[in-house]
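Presented below is the structure to which this report refers.
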Amino acid sequence: MKGYIHSFESFGAVDGPGVRYVVFMQGCPLRCLYCHNPDSWKLKEGKRWSVGQVVRRIKPYLNYISTGGVTISGGEPLMQPKFVYKLIKRLHKLKVHVAIDTAGSLPLEKTKKVLDVADLILLDIKAMDNNLCKEVTGQTNENTMATLKYLNHINKPVWIRHVIVPGYTLNTGHLMKLGKELTRYRCVKQVDLLPFHKMGEYKWQELEYDYKLYKTESPEPVEVLKARKLLKKFDLPVIM
């Protein structure tokens, strides 16, 4: 069993609890306007690794990540569900906590088996309104919300991630809709609003992709704090 890998990070501090080893899978069905890794979109542009090769690469860090674990991110890791499933099972044999960072953008019939075995899901909700979600990502949020409902049904711990982009998702009405919706899910253990940044802008230029956010600036710290306080009013576990 081999999968397409984009890259690895041996010290992830924001990708789940504790210090994490992060495996970035190649391939993504979304085309987010603010993506900072557009070089991860095309599946077969990644390097092929076997499950065993990935595990051997992680093993030297096991003591180092003993209070954290491994996070399988992307791209969209659930584009390669069989590989990710086998990787998780191998890591569990080593007693490693495994999180998946996903936008839930694939149909549940393709992803349930992987979601079932992961210890934690970091779920990226791109936008609540379907039209806005399609504008921001090229796809509606129907699969994402179906994924969240399923995770709630199986009582799987979920950390919500949501990027706030000026002119798109950084507005009171949108955030209130998000907050109201999230109160329905007991599985949500943490909510993190992530400010849009421009660190991946150069990759769009190098790849000659049409980047629409050249003139969009990162939100000011006061705007981010205001947005987090707004969600906090819904009694959600918002990271401040």
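Here's how to read the names in the structure tokens: chain A, B, ... by the order shown, residue numbers from 1 in each chain, ligand numbers from 1 in the order shown.
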
Write out as CSV a residue-level contact list of stretch 23-94 of chain A versus stretch 98-119 of chain A with cut-off 9 Å: for each qualifying residue the closest pair of atoms and the distance in Å to one decimal, counting only C-alpha atoms, rows sorted by chain and residue number upward.
```
residue,atom,partner,partner_atom,distance
A:Cys28,CA,A:Ser105,CA,8.9
A:Pro29,CA,A:Ser105,CA,7.4
A:Leu30,CA,A:Ser105,CA,7.6
A:Gly68,CA,A:Val98,CA,8.8
A:Gly69,CA,A:Val98,CA,5.9
A:Val70,CA,A:Val98,CA,5.0
A:Thr71,CA,A:Ala99,CA,4.6
A:Ile72,CA,A:Ile100,CA,4.8
A:Ser73,CA,A:Asp101,CA,4.7
A:Gly74,CA,A:Asp101,CA,7.3
A:Gly75,CA,A:Thr102,CA,8.4
A:Glu76,CA,A:Thr102,CA,5.9
A:Pro77,CA,A:Thr102,CA,6.6
A:Leu78,CA,A:Thr111,CA,6.3
A:Met79,CA,A:Leu106,CA,7.2
A:Pro81,CA,A:Thr111,CA,6.3
A:Lys82,CA,A:Val114,CA,7.9
A:Val84,CA,A:Val114,CA,7.0
A:Tyr85,CA,A:Val114,CA,5.2
A:Lys86,CA,A:Val114,CA,8.9
A:Ile88,CA,A:Val98,CA,6.6
A:Lys89,CA,A:Val117,CA,7.7
A:Leu91,CA,A:Val98,CA,7.5
A:His92,CA,A:Val98,CA,7.7
```

Spatial neighbours of A:Tyr64, 12 Å, only C-alpha atoms, chain gap at least 6 places, as a PyMOL selection string: chain A and resi 10-12+18-21+58+70+96

Two-atom distance - atom CA of A:Gly46, atom CA of A:His6 (Å): 5.1 Å

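Between A:Val188 and the candidates A:Trp41, A:Trp159, A:Tyr34, A:Tyr150, the tightest atom-to-atom separation, counting only C-alpha atoms, involves A:Trp159.
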
Close residues, A:Pro157 itself excluded, 8 Å, only C-alpha atoms, min 6 positions apart in chain, as number ranges by chain: A: 119-121, 151, 187-189

Do you know which residues are at most 9 Å from stretch 226-228 of chain A counting only C-alpha atoms, after dropping those on the same chain fewer than 2 positions away, and could you put them as a compact mmCIF listing (two decimals) with all heavy atoms, in the first residue's frame?
```
# COMPACT_ATOMS: atom_id res chain seq x y z
N ILE A 164 -10.81 33.00 8.98
CA ILE A 164 -11.57 34.24 8.80
C ILE A 164 -10.82 35.14 7.81
O ILE A 164 -9.70 35.54 8.04
CB ILE A 164 -11.82 34.96 10.15
CG1 ILE A 164 -10.57 35.01 11.02
CG2 ILE A 164 -12.94 34.26 10.91
CD1 ILE A 164 -10.77 35.77 12.32
N LEU A 170 -15.09 36.93 7.39
CA LEU A 170 -14.94 37.80 8.56
C LEU A 170 -16.06 38.83 8.58
O LEU A 170 -15.89 39.98 8.21
CB LEU A 170 -13.57 38.50 8.54
CG LEU A 170 -13.25 39.40 9.74
CD1 LEU A 170 -13.34 38.63 11.05
CD2 LEU A 170 -11.87 40.04 9.60
N ASN A 171 -17.24 38.38 9.01
CA ASN A 171 -18.35 39.32 9.21
C ASN A 171 -19.29 38.74 10.27
O ASN A 171 -19.38 37.52 10.45
CB ASN A 171 -19.08 39.63 7.90
CG ASN A 171 -19.86 38.45 7.35
OD1 ASN A 171 -20.88 38.06 7.90
ND2 ASN A 171 -19.36 37.86 6.25
N THR A 172 -19.97 39.63 10.95
CA THR A 172 -20.77 39.24 12.12
C THR A 172 -21.85 38.24 11.78
O THR A 172 -22.04 37.24 12.49
CB THR A 172 -21.40 40.50 12.75
OG1 THR A 172 -20.35 41.37 13.18
CG2 THR A 172 -22.26 40.12 13.95
N LEU A 175 -20.42 34.72 11.21
CA LEU A 175 -19.89 34.11 12.43
C LEU A 175 -21.02 33.73 13.39
O LEU A 175 -20.94 32.71 14.08
CB LEU A 175 -18.91 35.06 13.10
CG LEU A 175 -17.59 35.26 12.34
CD1 LEU A 175 -16.77 36.38 12.96
CD2 LEU A 175 -16.78 33.96 12.32
N ASP A 192 -11.34 27.01 16.86
CA ASP A 192 -10.22 27.90 16.62
C ASP A 192 -10.47 28.71 15.36
O ASP A 192 -10.61 28.15 14.27
CB ASP A 192 -8.93 27.09 16.46
CG ASP A 192 -7.68 27.95 16.56
OD1 ASP A 192 -7.81 29.16 16.80
OD2 ASP A 192 -6.57 27.41 16.38
N LEU A 193 -10.57 30.03 15.52
CA LEU A 193 -10.68 30.93 14.38
C LEU A 193 -9.27 31.32 13.94
O LEU A 193 -8.50 31.87 14.72
CB LEU A 193 -11.48 32.18 14.75
CG LEU A 193 -12.96 31.98 15.06
CD1 LEU A 193 -13.62 33.34 15.31
CD2 LEU A 193 -13.68 31.26 13.93
N PRO A 221 -5.31 42.19 14.64
CA PRO A 221 -5.51 41.41 15.87
C PRO A 221 -6.80 41.75 16.59
O PRO A 221 -7.46 40.87 17.15
CB PRO A 221 -4.28 41.77 16.71
CG PRO A 221 -3.22 42.08 15.69
CD PRO A 221 -3.95 42.75 14.57
N VAL A 222 -7.18 43.03 16.57
CA VAL A 222 -8.41 43.43 17.26
C VAL A 222 -9.63 42.82 16.58
O VAL A 222 -10.62 42.48 17.23
CB VAL A 222 -8.52 44.97 17.33
CG1 VAL A 222 -8.68 45.59 15.94
CG2 VAL A 222 -9.66 45.38 18.24
N GLU A 223 -9.57 42.65 15.24
CA GLU A 223 -10.68 42.03 14.52
C GLU A 223 -10.79 40.55 14.85
O GLU A 223 -11.89 40.01 15.00
CB GLU A 223 -10.48 42.20 13.01
CG GLU A 223 -10.54 43.63 12.51
CD GLU A 223 -10.30 43.71 11.01
OE1 GLU A 223 -9.15 43.46 10.58
OE2 GLU A 223 -11.26 44.02 10.28
N VAL A 224 -9.64 39.90 14.97
CA VAL A 224 -9.63 38.47 15.31
C VAL A 224 -10.19 38.27 16.71
O VAL A 224 -11.01 37.38 16.96
CB VAL A 224 -8.20 37.91 15.21
CG1 VAL A 224 -8.18 36.44 15.63
CG2 VAL A 224 -7.65 38.06 13.80
N LEU A 230 -17.16 36.97 19.82
CA LEU A 230 -18.52 36.78 19.32
C LEU A 230 -18.91 35.30 19.43
O LEU A 230 -20.00 34.98 19.91
CB LEU A 230 -18.60 37.25 17.87
CG LEU A 230 -19.99 37.37 17.23
CD1 LEU A 230 -19.97 38.37 16.09
CD2 LEU A 230 -20.49 36.03 16.72
N LEU A 231 -18.02 34.40 19.01
CA LEU A 231 -18.33 32.98 19.11
C LEU A 231 -18.39 32.51 20.55
O LEU A 231 -19.16 31.61 20.89
CB LEU A 231 -17.29 32.16 18.35
CG LEU A 231 -17.42 32.03 16.83
CD1 LEU A 231 -16.51 30.93 16.32
CD2 LEU A 231 -18.85 31.76 16.40
N LYS A 232 -17.60 33.14 21.39
CA LYS A 232 -17.57 32.78 22.81
C LYS A 232 -18.94 33.00 23.45
O LYS A 232 -19.32 32.30 24.39
CB LYS A 232 -16.51 33.62 23.52
CG LYS A 232 -16.11 33.10 24.88
CD LYS A 232 -15.13 31.94 24.79
CE LYS A 232 -14.59 31.56 26.15
NZ LYS A 232 -13.76 30.36 26.12
N LYS A 233 -19.71 33.94 22.92
CA LYS A 233 -21.03 34.23 23.46
C LYS A 233 -21.99 33.06 23.30
O LYS A 233 -23.03 33.00 23.97
CB LYS A 233 -21.61 35.48 22.79
CG LYS A 233 -20.88 36.77 23.16
CD LYS A 233 -21.50 37.96 22.47
CE LYS A 233 -20.77 39.25 22.85
NZ LYS A 233 -21.34 40.44 22.15
N VAL A 238 -14.02 28.26 22.55
CA VAL A 238 -13.21 29.00 21.58
C VAL A 238 -11.81 29.26 22.14
O VAL A 238 -11.66 29.68 23.29
CB VAL A 238 -13.89 30.35 21.24
CG1 VAL A 238 -13.05 31.12 20.20
CG2 VAL A 238 -15.30 30.12 20.73
N ILE A 239 -10.80 28.99 21.30
CA ILE A 239 -9.42 29.27 21.69
C ILE A 239 -9.18 30.76 21.57
O ILE A 239 -9.35 31.36 20.51
CB ILE A 239 -8.43 28.50 20.79
CG1 ILE A 239 -8.61 27.00 21.00
CG2 ILE A 239 -6.99 28.92 21.08
CD1 ILE A 239 -8.34 26.54 22.40
N MET A 240 -8.77 31.38 22.67
CA MET A 240 -8.57 32.84 22.69
C MET A 240 -7.08 33.19 22.62
O MET A 240 -6.74 34.31 22.34
CB MET A 240 -9.18 33.45 23.95
CG MET A 240 -10.67 33.21 24.08
SD MET A 240 -11.65 34.00 22.79
CE MET A 240 -11.55 35.71 23.31
```

Using only C-alpha atoms: which of A:Lys212, A:Lys42, A:His162, A:Lys149 has the shortest distance to A:Val191: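 Closest to A:Val191, using only C-alpha atoms: A:His162.
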
Residues of stretch 34-157 of chain A in strand (DSSP E or B), written as JSON, numbers by chain: {"A": [47, 48, 49, 50, 69, 70, 71, 72, 73, 98, 99, 100, 101, 102, 120, 121, 122, 123, 124]}

Generate the output file for the selected residues, N, CA and C atoms, as a short mmCIF file (atom, residue, chain, number, x, y, z; two decimals), in the first residue's frame.
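Final output, saved to selection-v2.cif:
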```cif
data_model
loop_
_atom_site.label_atom_id
_atom_site.label_comp_id
_atom_site.auth_asym_id
_atom_site.auth_seq_id
_atom_site.Cartn_x
_atom_site.Cartn_y
_atom_site.Cartn_z
N LYS A 47 5.17 12.56 -3.69
CA LYS A 47 6.09 11.43 -3.73
C LYS A 47 5.40 10.21 -3.13
N ARG A 48 5.56 9.06 -3.74
CA ARG A 48 4.91 7.84 -3.25
C ARG A 48 5.71 7.23 -2.11
N TRP A 49 5.00 6.98 -1.00
CA TRP A 49 5.60 6.35 0.17
C TRP A 49 4.71 5.17 0.57
N SER A 50 5.35 4.10 1.05
CA SER A 50 4.58 3.00 1.62
C SER A 50 4.24 3.34 3.07
N GLY A 69 1.39 13.25 19.53
CA GLY A 69 1.05 12.18 18.61
C GLY A 69 1.36 12.55 17.18
N VAL A 70 0.62 11.95 16.28
CA VAL A 70 0.78 12.19 14.84
C VAL A 70 -0.50 12.79 14.30
N THR A 71 -0.36 13.80 13.47
CA THR A 71 -1.51 14.38 12.76
C THR A 71 -1.34 14.14 11.27
N ILE A 72 -2.37 13.59 10.65
CA ILE A 72 -2.35 13.35 9.20
C ILE A 72 -3.16 14.48 8.56
N SER A 73 -2.47 15.31 7.81
CA SER A 73 -3.06 16.52 7.26
C SER A 73 -2.94 16.50 5.74
N VAL A 98 -3.53 9.52 17.11
CA VAL A 98 -3.57 9.99 15.72
C VAL A 98 -4.76 10.92 15.49
N ALA A 99 -4.47 12.10 14.97
CA ALA A 99 -5.51 13.06 14.58
C ALA A 99 -5.52 13.19 13.06
N ILE A 100 -6.68 13.51 12.51
CA ILE A 100 -6.80 13.80 11.08
C ILE A 100 -7.27 15.23 10.92
N ASP A 101 -6.54 15.98 10.11
CA ASP A 101 -6.92 17.35 9.78
C ASP A 101 -7.58 17.31 8.41
N THR A 102 -8.89 17.55 8.37
CA THR A 102 -9.66 17.37 7.14
C THR A 102 -10.71 18.47 6.99
N LEU A 120 -8.91 11.74 16.98
CA LEU A 120 -9.38 13.13 17.01
C LEU A 120 -9.50 13.62 15.58
N ILE A 121 -10.53 14.43 15.32
CA ILE A 121 -10.70 15.04 14.00
C ILE A 121 -10.58 16.55 14.14
N LEU A 122 -9.67 17.13 13.37
CA LEU A 122 -9.60 18.58 13.22
C LEU A 122 -10.37 18.91 11.96
N LEU A 123 -11.57 19.46 12.12
CA LEU A 123 -12.47 19.66 10.98
C LEU A 123 -12.47 21.13 10.55
N ASP A 124 -12.06 21.35 9.32
CA ASP A 124 -12.03 22.71 8.77
C ASP A 124 -13.38 23.03 8.12
#
```

DSSP-assigned helix (DSSP H, G or I) among stretch 2-235 of chain A, expressed as an MDAnalysis selection string: chainID A and resid 38:40 43:45 51:61 77:79 81:93 108:117 130:137 142:153 172:182 201:207 221:232

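Between atom CA of A:Phe196 and atom CA of A:Tyr209 the separation is 18.5 Å.
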
Residue nearest A:Glu135 - candidates A:Val51, A:Leu194, A:Leu33, A:Leu43, atoms counted: only C-alpha atoms: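 Going through A:Val51, A:Leu194, A:Leu33, A:Leu43 one by one, the smallest distance to A:Glu135 is for A:Leu33.
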
Nearby residues (only C-alpha atoms) at most 10 Å from A:Thr216, same-chain spacing under 2 positions excluded, as a VMD selection string: chain A and resid 34 165 to 167 196 to 198 212 to 214 218 to 219
